[in-house]
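K.L.:
final_37.csv is reproduced in full below (CSV, N, CA and C atoms).
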```csv
chain,number,residue,atom,x,y,z
A,1,MET,N,99.4,-71.8,-110.7
A,1,MET,CA,99.0,-73.2,-110.8
A,1,MET,C,99.6,-74.0,-109.7
A,2,ARG,N,98.9,-74.8,-109.1
A,2,ARG,CA,99.4,-75.7,-108.0
A,2,ARG,C,99.5,-77.1,-108.6
A,3,LEU,N,100.6,-77.8,-108.3
A,3,LEU,CA,100.8,-79.2,-108.7
A,3,LEU,C,101.1,-80.0,-107.5
A,4,SER,N,100.4,-81.1,-107.3
A,4,SER,CA,100.7,-81.9,-106.1
A,4,SER,C,101.6,-83.1,-106.6
A,5,LEU,N,102.4,-83.6,-105.7
A,5,LEU,CA,103.2,-84.7,-105.9
A,5,LEU,C,102.4,-85.9,-106.4
A,6,GLU,N,101.2,-86.1,-105.8
A,6,GLU,CA,100.3,-87.2,-106.2
A,6,GLU,C,100.0,-87.0,-107.7
A,7,THR,N,99.6,-85.8,-108.1
A,7,THR,CA,99.2,-85.6,-109.5
A,7,THR,C,100.4,-85.9,-110.5
A,8,VAL,N,101.5,-85.4,-110.1
A,8,VAL,CA,102.7,-85.6,-111.0
A,8,VAL,C,103.1,-87.1,-111.0
A,9,SER,N,103.0,-87.7,-109.9
A,9,SER,CA,103.4,-89.2,-109.9
A,9,SER,C,102.4,-90.0,-110.7
A,10,LYS,N,101.1,-89.6,-110.6
A,10,LYS,CA,100.1,-90.4,-111.4
A,10,LYS,C,100.3,-90.2,-112.9
A,11,LYS,N,100.7,-89.0,-113.3
A,11,LYS,CA,100.9,-88.7,-114.7
A,11,LYS,C,102.1,-89.5,-115.2
A,12,ILE,N,103.2,-89.6,-114.4
A,12,ILE,CA,104.3,-90.4,-114.8
A,12,ILE,C,104.0,-91.9,-114.8
A,13,ALA,N,103.2,-92.3,-113.9
A,13,ALA,CA,102.7,-93.7,-113.9
A,13,ALA,C,101.9,-94.0,-115.2
A,14,ALA,N,101.1,-93.1,-115.6
A,14,ALA,CA,100.3,-93.2,-116.8
A,14,ALA,C,101.2,-93.3,-118.0
A,15,LEU,N,102.2,-92.5,-118.0
A,15,LEU,CA,103.1,-92.5,-119.2
A,15,LEU,C,103.9,-93.8,-119.2
A,16,LYS,N,104.3,-94.3,-118.1
A,16,LYS,CA,105.0,-95.6,-118.1
A,16,LYS,C,104.1,-96.8,-118.5
A,17,ALA,N,102.8,-96.6,-118.3
A,17,ALA,CA,101.8,-97.7,-118.6
A,17,ALA,C,101.4,-97.6,-120.1
A,18,MET,N,101.8,-96.6,-120.8
A,18,MET,CA,101.4,-96.5,-122.2
A,18,MET,C,102.0,-97.6,-123.1
A,19,SER,N,101.3,-98.0,-124.1
A,19,SER,CA,101.8,-99.0,-125.0
A,19,SER,C,102.8,-98.3,-125.9
A,20,ASP,N,103.6,-99.1,-126.7
A,20,ASP,CA,104.6,-98.5,-127.6
A,20,ASP,C,103.9,-97.6,-128.6
A,21,VAL,N,102.7,-98.0,-129.1
A,21,VAL,CA,102.0,-97.2,-130.1
A,21,VAL,C,101.5,-95.9,-129.5
A,22,GLU,N,101.0,-96.0,-128.2
A,22,GLU,CA,100.5,-94.7,-127.6
A,22,GLU,C,101.7,-93.8,-127.4
A,23,PHE,N,102.8,-94.3,-126.9
A,23,PHE,CA,104.0,-93.5,-126.7
A,23,PHE,C,104.5,-92.9,-128.0
A,24,GLY,N,104.4,-93.7,-129.0
A,24,GLY,CA,104.8,-93.2,-130.3
A,24,GLY,C,104.0,-92.0,-130.8
A,25,GLU,N,102.7,-92.0,-130.5
A,25,GLU,CA,101.8,-90.9,-130.8
A,25,GLU,C,102.2,-89.7,-129.9
A,26,LEU,N,102.5,-90.0,-128.7
A,26,LEU,CA,102.9,-88.9,-127.8
A,26,LEU,C,104.1,-88.2,-128.2
A,27,LYS,N,105.1,-88.9,-128.8
A,27,LYS,CA,106.3,-88.3,-129.3
A,27,LYS,C,106.1,-87.4,-130.4
A,28,LYS,N,104.9,-87.4,-131.0
A,28,LYS,CA,104.6,-86.4,-132.1
A,28,LYS,C,104.2,-85.1,-131.6
A,29,VAL,N,103.9,-85.0,-130.3
A,29,VAL,CA,103.5,-83.7,-129.7
A,29,VAL,C,104.6,-82.7,-129.7
A,30,LYS,N,104.3,-81.5,-130.1
A,30,LYS,CA,105.3,-80.4,-130.2
A,30,LYS,C,106.0,-80.2,-128.8
A,31,ASP,N,107.3,-80.2,-128.8
A,31,ASP,CA,108.1,-79.9,-127.6
A,31,ASP,C,108.1,-81.0,-126.5
A,32,ILE,N,107.6,-82.2,-126.9
A,32,ILE,CA,107.4,-83.2,-125.9
A,32,ILE,C,108.8,-83.6,-125.3
A,33,ASP,N,109.8,-83.5,-126.2
A,33,ASP,CA,111.2,-83.9,-125.7
A,33,ASP,C,111.7,-83.0,-124.7
A,34,GLU,N,111.1,-81.8,-124.5
A,34,GLU,CA,111.5,-80.9,-123.5
A,34,GLU,C,110.6,-81.0,-122.3
A,35,ILE,N,109.3,-81.4,-122.5
A,35,ILE,CA,108.3,-81.5,-121.4
A,35,ILE,C,108.6,-82.8,-120.5
A,36,LEU,N,108.7,-83.9,-121.1
A,36,LEU,CA,108.8,-85.2,-120.4
A,36,LEU,C,110.0,-85.2,-119.4
A,37,PRO,N,111.2,-84.7,-119.8
A,37,PRO,CA,112.3,-84.7,-118.8
A,37,PRO,C,112.0,-83.8,-117.6
A,38,ARG,N,111.4,-82.7,-117.9
A,38,ARG,CA,111.1,-81.7,-116.8
A,38,ARG,C,110.1,-82.3,-115.9
A,39,LEU,N,109.1,-83.1,-116.4
A,39,LEU,CA,108.2,-83.8,-115.5
A,39,LEU,C,108.9,-84.7,-114.5
A,40,VAL,N,109.8,-85.5,-115.0
A,40,VAL,CA,110.6,-86.4,-114.2
A,40,VAL,C,111.4,-85.7,-113.2
A,41,VAL,N,112.1,-84.6,-113.6
A,41,VAL,CA,112.9,-83.8,-112.6
A,41,VAL,C,112.0,-83.1,-111.6
A,42,LEU,N,110.8,-82.7,-112.0
A,42,LEU,CA,109.8,-82.1,-111.0
A,42,LEU,C,109.5,-83.1,-109.9
A,43,GLU,N,109.1,-84.4,-110.4
A,43,GLU,CA,108.8,-85.4,-109.4
A,43,GLU,C,110.0,-85.7,-108.4
A,44,GLN,N,111.1,-85.8,-109.0
A,44,GLN,CA,112.3,-86.2,-108.2
A,44,GLN,C,112.6,-85.0,-107.2
A,45,THR,N,112.5,-83.8,-107.7
A,45,THR,CA,112.8,-82.6,-106.8
A,45,THR,C,111.8,-82.6,-105.7
A,46,MET,N,110.5,-82.8,-106.0
A,46,MET,CA,109.5,-82.8,-104.9
A,46,MET,C,109.8,-83.9,-103.9
A,47,ARG,N,110.1,-85.1,-104.3
A,47,ARG,CA,110.4,-86.2,-103.4
A,47,ARG,C,111.6,-85.9,-102.6
A,48,THR,N,112.7,-85.4,-103.2
A,48,THR,CA,113.9,-85.2,-102.5
A,48,THR,C,113.8,-84.1,-101.4
A,49,PHE,N,113.1,-83.1,-101.7
A,49,PHE,CA,112.9,-82.0,-100.7
A,49,PHE,C,111.7,-82.0,-99.9
A,50,GLY,N,110.9,-83.1,-100.1
A,50,GLY,CA,109.7,-83.3,-99.2
A,50,GLY,C,108.5,-82.5,-99.5
A,51,TYR,N,108.4,-81.9,-100.7
A,51,TYR,CA,107.3,-81.1,-101.1
A,51,TYR,C,106.1,-82.0,-101.5
A,52,ARG,N,104.9,-81.7,-100.9
A,52,ARG,CA,103.7,-82.4,-101.3
A,52,ARG,C,103.0,-81.7,-102.4
A,53,GLU,N,103.3,-80.4,-102.5
A,53,GLU,CA,102.7,-79.5,-103.5
A,53,GLU,C,103.6,-78.4,-103.8
A,54,ILE,N,103.5,-77.9,-105.1
A,54,ILE,CA,104.4,-76.8,-105.5
A,54,ILE,C,103.5,-75.8,-106.3
A,55,GLN,N,103.8,-74.6,-106.2
A,55,GLN,CA,103.0,-73.6,-106.9
A,55,GLN,C,104.0,-73.0,-108.0
A,56,VAL,N,103.4,-73.0,-109.2
A,56,VAL,CA,104.2,-72.6,-110.4
A,56,VAL,C,103.6,-71.3,-111.0
A,57,PHE,N,104.4,-70.4,-111.3
A,57,PHE,CA,104.0,-69.1,-111.9
A,57,PHE,C,104.4,-69.1,-113.4
A,58,GLU,N,103.6,-68.7,-114.2
A,58,GLU,CA,103.9,-68.7,-115.7
A,58,GLU,C,105.1,-67.8,-116.0
A,59,ARG,N,105.3,-66.7,-115.4
A,59,ARG,CA,106.4,-65.8,-115.7
A,59,ARG,C,107.7,-66.4,-115.2
A,60,GLU,N,107.7,-67.2,-114.1
A,60,GLU,CA,108.9,-67.9,-113.7
A,60,GLU,C,109.3,-69.0,-114.7
A,61,LEU,N,108.4,-69.7,-115.2
A,61,LEU,CA,108.7,-70.8,-116.1
A,61,LEU,C,109.3,-70.2,-117.4
A,62,GLY,N,108.7,-69.1,-117.9
A,62,GLY,CA,109.2,-68.4,-119.1
A,62,GLY,C,110.6,-68.0,-119.0
A,63,ALA,N,111.0,-67.4,-117.8
A,63,ALA,CA,112.3,-66.9,-117.6
A,63,ALA,C,113.3,-68.1,-117.6
A,64,GLY,N,112.9,-69.2,-117.0
A,64,GLY,CA,113.8,-70.4,-116.9
A,64,GLY,C,114.0,-71.0,-118.3
A,65,LEU,N,112.9,-71.0,-119.1
A,65,LEU,CA,113.0,-71.6,-120.4
A,65,LEU,C,113.8,-70.7,-121.3
A,66,ILE,N,113.8,-69.4,-121.2
A,66,ILE,CA,114.6,-68.5,-122.0
A,66,ILE,C,116.0,-68.7,-121.7
A,67,ILE,N,116.4,-68.8,-120.4
A,67,ILE,CA,117.8,-69.0,-119.9
A,67,ILE,C,118.3,-70.3,-120.5
A,68,GLU,N,117.5,-71.4,-120.3
A,68,GLU,CA,117.9,-72.7,-120.8
A,68,GLU,C,118.2,-72.7,-122.3
A,69,LYS,N,117.3,-72.1,-123.0
A,69,LYS,CA,117.4,-72.1,-124.5
A,69,LYS,C,118.6,-71.2,-125.0
A,70,GLY,N,119.0,-70.2,-124.1
A,70,GLY,CA,120.1,-69.4,-124.5
A,70,GLY,C,121.4,-70.0,-124.3
A,71,ILE,N,121.5,-71.1,-123.6
A,71,ILE,CA,122.8,-71.7,-123.3
A,71,ILE,C,123.2,-72.6,-124.5
A,72,PRO,N,124.3,-72.3,-125.1
A,72,PRO,CA,124.7,-73.1,-126.3
A,72,PRO,C,125.0,-74.6,-125.9
A,73,SER,N,124.5,-75.5,-126.7
A,73,SER,CA,124.8,-76.9,-126.4
A,73,SER,C,126.2,-77.3,-126.9
A,74,ARG,N,126.7,-78.2,-126.3
A,74,ARG,CA,128.1,-78.6,-126.6
A,74,ARG,C,128.1,-79.9,-127.5
```
Once more with this new file: its structure as structure tokens, please.
P.N.:
Amino acid sequence: MRLSLETVSKKIAALKAMSDVEFGELKKVKDIDEILPRLVVLEQTMRTFGYREIQVFERELGAGLIIEKGIPSR
């Protein structure tokens, strides 16, 4: 899957424009508390390193998620 900085930025802008009620409904989505921070980090990483587009592979995401979930929280 390819994601462009423009697409990611538009999605974040749409999230910021949501009403409190809409955002409340969004918070009911499974795993949203893990998805939203990653979206913000993705945008910042792309901006910092000058990427206009990034290609993501499902197997790479899975490995990263497994590693992150395996780290005990403090």
K.L.:
What is the distance, in Å and to one decimal place, between atom N of Arg38 of chain A and atom CA of Ile12 of chain A?
P.N.:
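These atoms are spaced 10.9 Å apart.
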K.L.:
Would you mind reading off the distance between atom N of Met46 of chain A and atom CA of Ile32 of chain A, one decimal, in Å?
P.N.:
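Atom N of Met46 of chain A sits 20.1 Å away from atom CA of Ile32 of chain A.
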K.L.:
Please report the interatomic distance between atom CA of Gln44 of chain A and atom CA of Gly24 of chain A in Å with one decimal.
P.N.:
24.4 Å
